[in-house]
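J.: Contents of model.csv (CSV, C-alpha atoms and all ligand atoms) are given next:
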```csv
chain,number,residue,atom,x,y,z
A,573,MET,CA,96.2,-87.1,4.2
A,574,HIS,CA,93.5,-86.2,1.7
A,575,GLU,CA,91.0,-85.9,4.5
A,576,GLN,CA,93.3,-83.5,6.4
A,577,ILE,CA,93.9,-81.3,3.4
A,578,LYS,CA,90.2,-81.0,2.8
A,579,LYS,CA,89.6,-80.2,6.4
A,580,ILE,CA,92.2,-77.5,6.5
A,581,SER,CA,90.8,-76.0,3.3
A,582,LEU,CA,87.3,-75.8,4.7
A,583,ALA,CA,88.6,-74.5,8.1
A,584,VAL,CA,90.4,-71.6,6.3
A,585,MET,CA,87.3,-70.7,4.4
A,586,GLU,CA,85.2,-70.8,7.5
A,587,LYS,CA,87.5,-68.7,9.5
A,588,LEU,CA,88.0,-66.1,6.8
A,589,LYS,CA,84.2,-65.6,6.6
A,590,ASP,CA,84.2,-64.1,10.2
A,591,ALA,CA,87.5,-62.2,9.9
A,592,ASP,CA,86.4,-58.6,9.4
A,593,SER,CA,89.7,-56.9,10.3
A,594,LEU,CA,93.2,-57.0,8.9
A,595,ASN,CA,94.5,-58.1,12.4
A,596,LEU,CA,92.2,-61.2,12.4
A,597,ILE,CA,93.2,-62.0,8.9
A,598,ASN,CA,96.8,-61.9,9.8
A,599,ASP,CA,96.1,-64.3,12.7
A,600,ILE,CA,94.7,-66.7,10.2
A,601,ARG,CA,97.7,-66.4,8.0
A,602,VAL,CA,100.0,-67.2,10.9
A,603,LYS,CA,97.7,-70.1,12.1
A,604,PHE,CA,97.9,-71.8,8.7
A,605,LEU,CA,100.9,-70.6,6.7
A,606,GLY,CA,103.2,-69.5,9.6
A,607,LYS,CA,106.3,-71.4,10.7
A,608,ASN,CA,104.2,-73.5,13.0
A,609,GLY,CA,101.1,-73.3,10.9
A,610,GLU,CA,98.9,-76.1,10.0
A,611,VAL,CA,99.8,-76.2,6.3
A,612,THR,CA,103.5,-75.9,7.1
A,613,ALA,CA,103.0,-78.9,9.4
A,614,LEU,CA,101.7,-81.0,6.5
A,615,PHE,CA,104.9,-80.5,4.7
A,616,LYS,CA,106.8,-81.7,7.7
A,617,ASN,CA,104.6,-84.8,7.9
A,618,LEU,CA,105.3,-85.6,4.3
A,619,LYS,CA,108.2,-87.7,5.6
A,620,SER,CA,105.8,-90.2,7.2
A,621,CYS,CA,104.1,-91.0,3.8
A,622,PRO,CA,105.1,-93.9,1.7
A,623,PRO,CA,107.9,-92.7,-0.6
A,624,ASP,CA,106.0,-93.5,-3.8
A,625,GLN,CA,103.1,-91.3,-2.8
A,626,ARG,CA,105.2,-88.4,-1.7
A,627,PRO,CA,105.3,-86.5,-5.0
A,628,LYS,CA,101.6,-86.6,-5.4
A,629,ILE,CA,100.8,-85.7,-1.9
A,630,GLY,CA,103.5,-83.0,-2.0
A,631,GLN,CA,101.7,-81.6,-5.0
A,632,LEU,CA,98.4,-81.6,-3.2
A,633,ILE,CA,99.9,-79.8,-0.2
A,634,ASN,CA,101.4,-77.2,-2.6
A,635,ASP,CA,98.1,-76.7,-4.2
A,636,LEU,CA,96.5,-76.2,-0.8
A,637,ARG,CA,99.1,-73.7,0.2
A,638,ASN,CA,98.6,-71.7,-3.0
A,639,GLN,CA,94.8,-71.8,-2.6
A,640,VAL,CA,95.0,-70.7,1.1
A,641,GLU,CA,97.4,-67.9,0.2
A,642,LEU,CA,95.2,-66.7,-2.6
A,643,ALA,CA,92.0,-66.9,-0.4
A,644,ILE,CA,93.6,-64.9,2.4
A,645,LYS,CA,95.0,-62.3,0.0
A,646,GLU,CA,91.7,-61.8,-1.7
A,647,HIS,CA,89.8,-61.5,1.6
A,648,GLU,CA,92.5,-59.2,2.9
A,649,ASN,CA,92.1,-56.9,-0.1
A,650,LYS,CA,88.4,-56.8,0.4
A,651,VAL,CA,88.7,-55.9,4.1
A,652,ALA,CA,91.4,-53.3,3.4
A,653,GLU,CA,89.2,-51.6,0.9
A,654,ARG,CA,86.3,-51.6,3.3
A,655,GLU,CA,88.4,-50.2,6.1
A,656,LYS,CA,89.8,-47.5,3.9
A,657,ASN,CA,86.3,-46.4,2.8
A,658,LYS,CA,85.2,-46.3,6.4
A,659,LYS,CA,88.1,-44.1,7.4
A,660,LEU,CA,87.5,-41.8,4.5
A,661,ALA,CA,83.9,-41.4,5.4
A,662,GLN,CA,84.8,-40.6,9.0
A,663,GLU,CA,87.3,-38.0,8.0
A,664,THR,CA,85.1,-36.2,5.5
A,665,LEU,CA,84.9,-32.4,6.1
A,666,ASP,CA,81.4,-31.2,5.7
A,667,ILE,CA,81.9,-28.0,3.9
A,668,THR,CA,78.2,-27.3,3.8
A,669,LEU,CA,78.4,-26.4,7.5
A,670,SER,CA,77.7,-22.7,8.0
A,671,LYS,CA,80.6,-20.8,9.5
A,672,LYS,CA,80.3,-18.3,12.4
A,673,THR,CA,79.6,-15.0,10.8
A,674,ARG,CA,81.2,-11.7,11.9
A,675,LYS,CA,79.4,-8.4,11.5
A,676,VAL,CA,81.2,-6.3,8.9
A,677,GLY,CA,81.9,-2.7,10.0
A,678,ALA,CA,81.2,0.4,8.0
A,679,LEU,CA,81.7,4.1,7.9
A,680,HIS,CA,79.4,6.0,10.3
A,681,PRO,CA,76.5,7.5,8.3
A,682,LEU,CA,77.8,11.0,9.0
A,683,ASN,CA,81.2,10.2,7.6
A,684,GLN,CA,79.5,8.7,4.6
A,685,VAL,CA,77.5,11.9,4.1
A,686,ILE,CA,80.7,14.0,4.5
A,687,GLU,CA,82.4,11.7,2.0
A,688,GLU,CA,79.6,11.9,-0.6
A,689,ILE,CA,79.2,15.7,-0.3
A,690,SER,CA,83.0,16.2,-0.6
A,691,GLN,CA,83.1,14.1,-3.7
A,692,ILE,CA,80.5,16.3,-5.4
A,693,PHE,CA,82.5,19.4,-4.6
A,694,ILE,CA,85.8,17.7,-5.6
A,695,GLY,CA,84.1,17.0,-8.9
A,696,LEU,CA,83.5,20.8,-9.2
A,697,GLY,CA,87.2,21.6,-8.7
A,698,PHE,CA,87.2,22.2,-4.9
A,699,ALA,CA,90.0,21.1,-2.6
A,700,VAL,CA,89.3,19.7,0.8
A,701,LYS,CA,90.9,21.5,3.8
A,702,ASP,CA,90.7,21.4,7.5
A,703,GLY,CA,91.5,23.6,10.5
A,704,PRO,CA,91.7,23.2,14.3
A,705,GLU,CA,88.7,22.4,16.4
A,706,ILE,CA,90.3,24.3,19.3
A,707,GLU,CA,90.4,27.7,17.8
A,708,LEU,CA,91.4,31.3,18.5
A,709,ASP,CA,88.7,33.8,19.2
A,710,TYR,CA,90.3,35.7,16.4
A,711,TYR,CA,89.5,33.2,13.6
A,712,ASN,CA,86.2,32.1,14.9
A,713,PHE,CA,84.8,35.6,15.5
A,714,GLU,CA,87.1,38.7,15.1
A,715,ALA,CA,88.4,38.0,11.6
A,716,LEU,CA,84.9,37.1,10.4
A,717,ASN,CA,83.7,40.6,11.3
A,718,ILE,CA,81.8,39.4,14.3
A,719,PRO,CA,82.0,42.3,16.7
A,720,ALA,CA,82.6,41.9,20.4
A,721,ASP,CA,79.0,42.6,21.3
A,722,HIS,CA,77.5,40.1,18.7
A,723,PRO,CA,75.0,37.8,20.4
A,724,SER,CA,76.8,34.6,19.2
A,725,ARG,CA,79.7,35.7,21.3
A,726,ASP,CA,77.7,35.2,24.4
A,727,GLU,CA,79.1,32.6,26.8
A,728,GLN,CA,75.8,30.8,26.4
A,729,ASP,CA,76.5,30.0,22.8
A,730,THR,CA,80.2,29.2,22.9
A,731,PHE,CA,82.5,26.8,24.9
A,732,TYR,CA,85.3,29.1,25.9
A,733,ILE,CA,88.6,27.6,27.1
A,734,ASN,CA,89.9,31.1,28.1
A,735,ASP,CA,89.4,34.6,26.8
A,736,ASN,CA,91.2,33.9,23.6
A,737,ILE,CA,90.7,30.3,23.0
A,738,LEU,CA,87.4,28.4,22.4
A,739,LEU,CA,86.0,25.3,20.7
A,740,ARG,CA,85.1,26.5,17.2
A,741,THR,CA,81.4,27.2,16.8
A,742,GLN,CA,81.5,27.2,13.0
A,743,THR,CA,83.7,25.9,10.2
A,744,SER,CA,83.7,29.5,8.9
A,745,ALA,CA,86.8,29.8,11.2
A,746,VAL,CA,88.9,28.1,8.5
A,747,GLN,CA,88.1,30.8,6.0
A,748,VAL,CA,90.7,33.4,7.1
A,749,ARG,CA,93.2,30.7,8.0
A,750,ILE,CA,93.2,29.4,4.4
A,751,MET,CA,93.1,32.9,2.8
A,752,GLU,CA,96.1,33.9,4.9
A,753,LYS,CA,98.1,30.9,3.6
A,754,GLU,CA,97.0,30.6,0.0
A,755,ALA,CA,96.6,33.1,-2.7
A,756,PRO,CA,93.4,33.4,-4.7
A,757,PRO,CA,91.8,32.0,-6.8
A,758,LEU,CA,90.5,29.6,-4.1
A,759,ARG,CA,87.9,26.9,-4.2
A,760,ILE,CA,87.8,25.0,-1.0
A,761,ILE,CA,85.5,23.1,1.3
A,762,CYS,CA,86.2,22.3,4.9
A,763,PRO,CA,84.2,19.5,6.6
A,764,GLY,CA,84.6,19.2,10.4
A,765,LYS,CA,83.2,19.2,13.9
A,766,VAL,CA,81.9,22.3,15.6
A,767,TYR,CA,80.7,22.9,19.2
A,768,ARG,CA,77.8,24.8,20.8
A,769,PRO,CA,76.0,24.5,24.1
A,770,ASP,CA,72.7,23.3,22.6
A,771,ASP,CA,71.0,20.0,23.1
A,772,ASP,CA,67.6,18.9,21.8
A,773,ALA,CA,66.0,16.9,18.9
A,774,SER,CA,67.6,19.1,16.3
A,775,HIS,CA,70.7,20.4,18.1
A,776,SER,CA,73.7,18.6,19.5
A,777,PRO,CA,76.6,20.1,21.4
A,778,ILE,CA,78.9,18.5,18.9
A,779,PHE,CA,77.9,18.5,15.3
A,780,HIS,CA,79.4,18.8,11.8
A,781,GLN,CA,79.5,21.4,9.2
A,782,ILE,CA,80.9,21.7,5.7
A,783,GLU,CA,82.2,25.2,4.9
A,784,GLY,CA,82.6,26.3,1.3
A,785,LEU,CA,84.6,29.2,0.0
A,786,VAL,CA,85.3,30.5,-3.5
A,787,ILE,CA,87.6,33.5,-4.0
A,788,ASP,CA,88.1,34.8,-7.5
A,789,LYS,CA,87.5,37.8,-9.7
A,790,ASN,CA,83.9,38.9,-10.3
A,791,ILE,CA,82.2,36.3,-8.1
A,792,THR,CA,78.5,37.2,-7.7
A,793,LEU,CA,75.3,35.8,-6.1
A,794,CYS,CA,74.6,34.1,-9.5
A,795,ASP,CA,77.7,32.0,-9.0
A,796,LEU,CA,76.5,31.0,-5.5
A,797,LYS,CA,73.0,30.1,-6.8
A,798,ALA,CA,74.4,28.1,-9.7
A,799,LEU,CA,76.9,26.3,-7.5
A,800,LEU,CA,74.3,25.4,-4.8
A,801,ASP,CA,71.7,24.4,-7.5
A,802,ASN,CA,74.2,22.0,-9.0
A,803,PHE,CA,75.1,20.6,-5.6
A,804,ALA,CA,71.4,20.2,-4.5
A,805,ARG,CA,70.6,18.3,-7.8
A,806,SER,CA,73.6,16.0,-7.3
A,807,TYR,CA,73.1,15.3,-3.6
A,808,PHE,CA,69.3,15.4,-3.1
A,809,SER,CA,67.5,14.7,-6.4
A,810,SER,CA,67.5,15.9,-10.0
A,811,GLN,CA,64.2,17.6,-9.3
A,812,THR,CA,65.4,19.6,-6.3
A,813,LYS,CA,65.3,23.4,-6.6
A,814,THR,CA,66.9,26.0,-4.4
A,815,ARG,CA,65.6,29.3,-3.2
A,816,LEU,CA,67.6,32.2,-1.7
A,817,ARG,CA,66.1,34.2,1.1
A,818,PRO,CA,67.6,37.4,2.5
A,819,SER,CA,69.4,36.9,5.8
A,820,TYR,CA,72.2,38.3,7.9
A,821,PHE,CA,75.7,37.1,8.7
A,822,PRO,CA,78.4,39.5,9.8
A,823,PHE,CA,80.9,37.8,7.4
A,824,THR,CA,78.8,38.0,4.2
A,825,GLU,CA,77.2,40.9,2.4
A,826,PRO,CA,74.6,40.3,1.1
A,827,SER,CA,73.7,37.2,3.2
A,828,VAL,CA,71.2,34.5,2.3
A,829,GLU,CA,69.5,31.4,3.7
A,830,VAL,CA,69.3,28.7,1.1
A,831,ASP,CA,66.1,26.6,1.0
A,832,LEU,CA,65.5,23.3,-0.8
A,833,SER,CA,62.2,22.5,-2.5
A,834,CYS,CA,60.5,19.9,-0.2
A,835,ALA,CA,61.2,16.4,-1.6
A,836,ILE,CA,58.1,14.9,0.1
A,837,CYS,CA,55.4,17.2,-1.3
A,838,ASN,CA,57.3,18.7,-4.2
A,839,GLY,CA,56.6,22.3,-3.0
A,840,LYS,CA,52.9,21.9,-2.3
A,841,GLY,CA,53.3,22.0,1.5
A,842,CYS,CA,53.4,19.1,4.0
A,843,SER,CA,54.2,18.5,7.6
A,844,LEU,CA,57.9,18.1,6.9
A,845,CYS,CA,58.2,21.6,5.4
A,846,LYS,CA,55.5,22.9,7.7
A,847,GLY,CA,53.2,23.8,4.8
A,848,THR,CA,55.7,26.1,3.1
A,849,GLY,CA,57.0,23.7,0.4
A,850,TRP,CA,60.6,24.7,1.3
A,851,ILE,CA,63.2,23.3,3.8
A,852,GLU,CA,66.0,25.5,5.1
A,853,LEU,CA,69.4,23.9,4.3
A,854,LEU,CA,72.2,26.4,4.9
A,855,GLY,CA,73.5,29.9,5.3
A,856,ALA,CA,75.6,31.6,2.6
A,857,GLY,CA,76.5,34.9,0.9
A,858,ILE,CA,79.0,37.0,-0.8
A,859,VAL,CA,82.1,37.3,1.4
A,860,ASN,CA,82.1,40.6,3.2
A,861,PRO,CA,85.0,42.8,1.9
A,862,ARG,CA,86.1,43.4,5.5
A,863,VAL,CA,86.8,39.6,5.9
A,864,LEU,CA,88.9,39.7,2.7
A,865,GLU,CA,90.9,42.6,4.1
A,866,TYR,CA,91.4,40.8,7.4
A,867,ALA,CA,93.0,38.0,5.4
A,868,GLY,CA,95.1,40.4,3.4
A,869,ILE,CA,93.2,40.0,0.1
A,870,ASP,CA,92.5,43.1,-2.0
A,871,SER,CA,88.7,43.4,-2.0
A,872,LYS,CA,88.8,45.7,-5.0
A,873,GLU,CA,90.4,42.9,-7.1
A,874,TYR,CA,88.7,39.8,-5.7
A,875,SER,CA,85.3,38.9,-4.4
A,876,GLY,CA,84.1,35.6,-3.0
A,877,LEU,CA,81.2,33.4,-2.1
A,878,ALA,CA,80.8,31.3,1.0
A,879,PHE,CA,78.4,28.9,2.5
A,880,GLY,CA,78.1,26.7,5.6
A,881,MET,CA,76.0,23.6,5.7
A,882,GLY,CA,75.1,21.4,8.6
A,883,VAL,CA,76.0,17.8,7.8
A,884,GLU,CA,73.5,16.3,10.2
A,885,ARG,CA,70.8,18.6,8.8
A,886,ALA,CA,71.6,17.6,5.2
A,887,ALA,CA,71.4,13.9,6.2
A,888,MET,CA,68.2,14.4,8.2
A,889,ILE,CA,66.6,16.0,5.1
A,890,LYS,CA,67.9,13.4,2.7
A,891,TYR,CA,67.0,10.3,4.7
A,892,GLY,CA,64.0,11.7,6.7
A,893,ILE,CA,65.7,11.2,10.1
A,894,PRO,CA,63.6,12.8,12.8
A,895,ASP,CA,66.0,13.2,15.7
A,896,ILE,CA,69.7,14.4,15.5
A,897,ARG,CA,70.5,12.3,18.6
A,898,LEU,CA,70.1,9.1,16.5
A,899,PHE,CA,73.5,9.8,15.0
A,900,TYR,CA,75.4,9.7,18.3
A,901,GLU,CA,73.7,6.8,20.2
A,902,ASN,CA,75.4,4.2,18.1
A,903,ASP,CA,72.4,2.0,18.1
A,904,TYR,CA,73.3,-0.8,15.7
A,905,ARG,CA,69.8,-1.0,14.3
A,906,PHE,CA,70.0,2.6,13.2
A,907,LEU,CA,73.6,2.4,11.9
A,908,LYS,CA,73.2,-0.8,9.8
A,909,GLN,CA,70.5,0.9,7.6
A,910,TYR,CA,73.3,3.1,6.2
A,911,ARG,CA,75.8,0.4,5.4
B,1001,LIG,N1,78.7,29.8,9.9
B,1001,LIG,C1,77.3,29.9,9.7
B,1001,LIG,C2,76.6,29.1,10.8
B,1001,LIG,O1,77.3,28.3,11.5
B,1001,LIG,C3,76.9,29.4,8.4
B,1001,LIG,C4,77.4,30.2,7.3
B,1001,LIG,C5,76.6,31.3,6.8
B,1001,LIG,C6,78.6,30.0,6.7
B,1001,LIG,C7,77.1,32.0,5.8
B,1001,LIG,C8,79.1,30.8,5.7
B,1001,LIG,C9,78.3,31.8,5.2
B,1001,LIG,O2,80.2,30.6,5.1
B,1001,LIG,O3,78.7,32.6,4.2
B,1001,LIG,O4,75.5,29.2,11.0
```
Starting from the coordinates I provided, produce the structure as structure tokens.

T.:
Amino acid sequence: MHEQIKKISLAVMEKLKDADSLNLINDIRVKFLGKNGEVTALFKNLKSCPPDQRPKIGQLINDLRNQVELAIKEHENKVAEREKNKKLAQETLDITLSKKTRKVGALHPLNQVIEEISQIFIGLGFAVKDGPEIELDYYNFEALNIPADHPSRDEQDTFYINDNILLRTQTSAVQVRIMEKEAPPLRIICPGKVYRPDDDASHSPIFHQIEGLVIDKNITLCDLKALLDNFARSYFSSQTKTRLRPSYFPFTEPSVEVDLSCAICNGKGCSLCKGTGWIELLGAGIVNPRVLEYAGIDSKEYSGLAFGMGVERAAMIKYGIPDIRLFYENDYRFLKQYR
């Protein structure tokens, strides 16, 4: 009996050494401690021992069973722990893995320019208005004192839909529309698309303008100059100066072209400003009394200033963009520079 107990004890230890899974360990438990297991068999054989030795041998078998149970349990804990760690390692999420990136969209540079310029005028107390792109001849020309024989009326310069309807060629078309609806004093800007049959490096058939209009008592060229100086310093640079040059527009009297001091050469003359030190920015003037009368405003009581600025032109000057067509090609390499 002693021999047998020792053999079983060794056999359990031997088998456990190789058992590296919970299933194998369970097999060992069944083989030794199960109903038909080898340790259980010893208890059954106890009957065949001489009665006086039974208590002692029974005790030995009990010790063996406890020892086997303990050994299996300990080994089982070890293997269970190892299996758990292995599983955890396999299920680890590697959060350092880089994700698939998506390109983030942004406002088109022209919309950014419109937004930025609008904010400057909003800060000066202006309201932002809009008007129709498909416009009546009346608002685009007639009410702006552009007579029927004026060159800009030529079919060449305007997309006509019929005799009375056209694609507006200038945001000045909103001037009379607004003045008809709202009583002075007025301070408005109107950004929007305009259309002309031109197409080259500095002209596009669709482009953008921002119209400005102030109607109040005693408005003079001084107010215009001060307003545009203020704008130019805010939008271009604190060093930027403006210059008014005499010009002609049917809807203003007097009319001026407004130039900016060249930011590249600071007025000394370079290739950008063609040696003049100045860059033409926009057309402006004191609203022609006839336009006020068209809109039903008493030109003896009120006067006004107006200006019309090309958005693309302002952006090209500010960012040194050489070709207007870059704005419409939607080349991502161009657009992303203005995010
Ligand atoms: N509408 C003119 C153009 O498209 C620009 C302009 C000039 C607008 C003088 C004005 C203005 O309001 O007073 O060239």

J.: What is the CA of Ser776 in chain A to CA of Glu705 in chain A distance in Å?

T.: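 About the pair CA of Ser776 in chain A and CA of Glu705 in chain A: they are 15.8 Å apart.
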
J.: Could you tell me, counting all atoms listed in the file, which protein and nucleic acid residues lie no more than 8 Å from ligand LIG 1001 (chain B), written as a list in words?

T.: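 Final answer, ordered by chain and number: Thr741, Gln742, Thr743, Ser744, Gln747, Gln781, Glu783, Gly784, Leu785, Phe821, Phe823, Thr824, Ser827, Val828, Glu829, Leu854, Gly855, Ala856, Gly857, Ile858, Val859, Leu877, Ala878, Phe879, Gly880, Met881 and Gly882 of chain A.
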
J.: Between CA of Asn902 in chain A and CA of Pro704 in chain A, measure the distance and give it in Å to one decimal.

T.: 25.3 Å

J.: Just the number, please: distance in Å from CA of Phe615 in chain A to CA of Ser593 in chain A, one decimal.

T.: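 Between CA of Phe615 in chain A and CA of Ser593 in chain A the gap is 28.6 Å.
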
J.: Hey, which of A:Ser875, A:Ile633, A:Ile791, A:Lys628 ends up closest to Ala613 in chain A? Count all atoms listed in the file.

T.: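 Of the candidates, the smallest distance to Ala613 in chain A is held by A:Ile633.
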
J.: Got a sec: who's within 9 Å of Arg897 in chain A, counting only C-alpha atoms, leaving out chain neighbours fewer than 6 positions off, as a list in words?

T.: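 Near Arg897 in chain A, the qualifying residues are Asp771, Asp772, Ala773, Ser774, His775 and Ser776 of chain A.
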
J.: Write out as a ChimeraX atom specification which residues come within 12 Å of Gly695 in chain A when counting all atoms listed in the file, dropping same-chain ones fewer than 4 positions away.

T.: /A:688-691,699-700,759-761,799,802-803,806

J.: Ranking A:Tyr711, A:Gln639, A:Leu716, A:Ile644 by minimum distance to Lys587 in chain A and counting only C-alpha atoms, which one comes first?

T.: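 So, comparing all the options, the nearest one is A:Ile644.
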
J.: In terms of the shortest atom-to-atom distance over only C-alpha atoms, which of A:Lys765, A:Lys645, A:Lys579, A:Lys603 is closest to Ile686 in chain A?

T.: A:Lys765

J.: My list of candidates is A:Glu707, A:Asp592, A:Glu825, A:Glu852. Which is closest to Asn649 in chain A when distances are computed with only C-alpha atoms?

T.: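 Checking each of A:Glu707, A:Asp592, A:Glu825, A:Glu852 against Asn649 in chain A, counting only C-alpha atoms, the winner is A:Asp592.
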
J.: What lies within 12 Å of range 839-842 of chain A using all atoms listed in the file, ignoring chain neighbours under 3 positions off, as a PyMOL selection string?

T.: chain A and resi 811-815+831-836+845-851

J.: Mind dumping the selected residues with C-alpha atoms as a tab-separated table (two decimals), in the frame of the given file?

T.:
```tsv
chain	number	residue	atom	x	y	z
A	811	GLN	CA	64.20	17.60	-9.30
A	812	THR	CA	65.40	19.60	-6.30
A	813	LYS	CA	65.30	23.40	-6.60
A	814	THR	CA	66.90	26.00	-4.40
A	815	ARG	CA	65.60	29.30	-3.20
A	831	ASP	CA	66.10	26.60	1.00
A	832	LEU	CA	65.50	23.30	-0.80
A	833	SER	CA	62.20	22.50	-2.50
A	834	CYS	CA	60.50	19.90	-0.20
A	835	ALA	CA	61.20	16.40	-1.60
A	836	ILE	CA	58.10	14.90	0.10
A	845	CYS	CA	58.20	21.60	5.40
A	846	LYS	CA	55.50	22.90	7.70
A	847	GLY	CA	53.20	23.80	4.80
A	848	THR	CA	55.70	26.10	3.10
A	849	GLY	CA	57.00	23.70	0.40
A	850	TRP	CA	60.60	24.70	1.30
A	851	ILE	CA	63.20	23.30	3.80
```
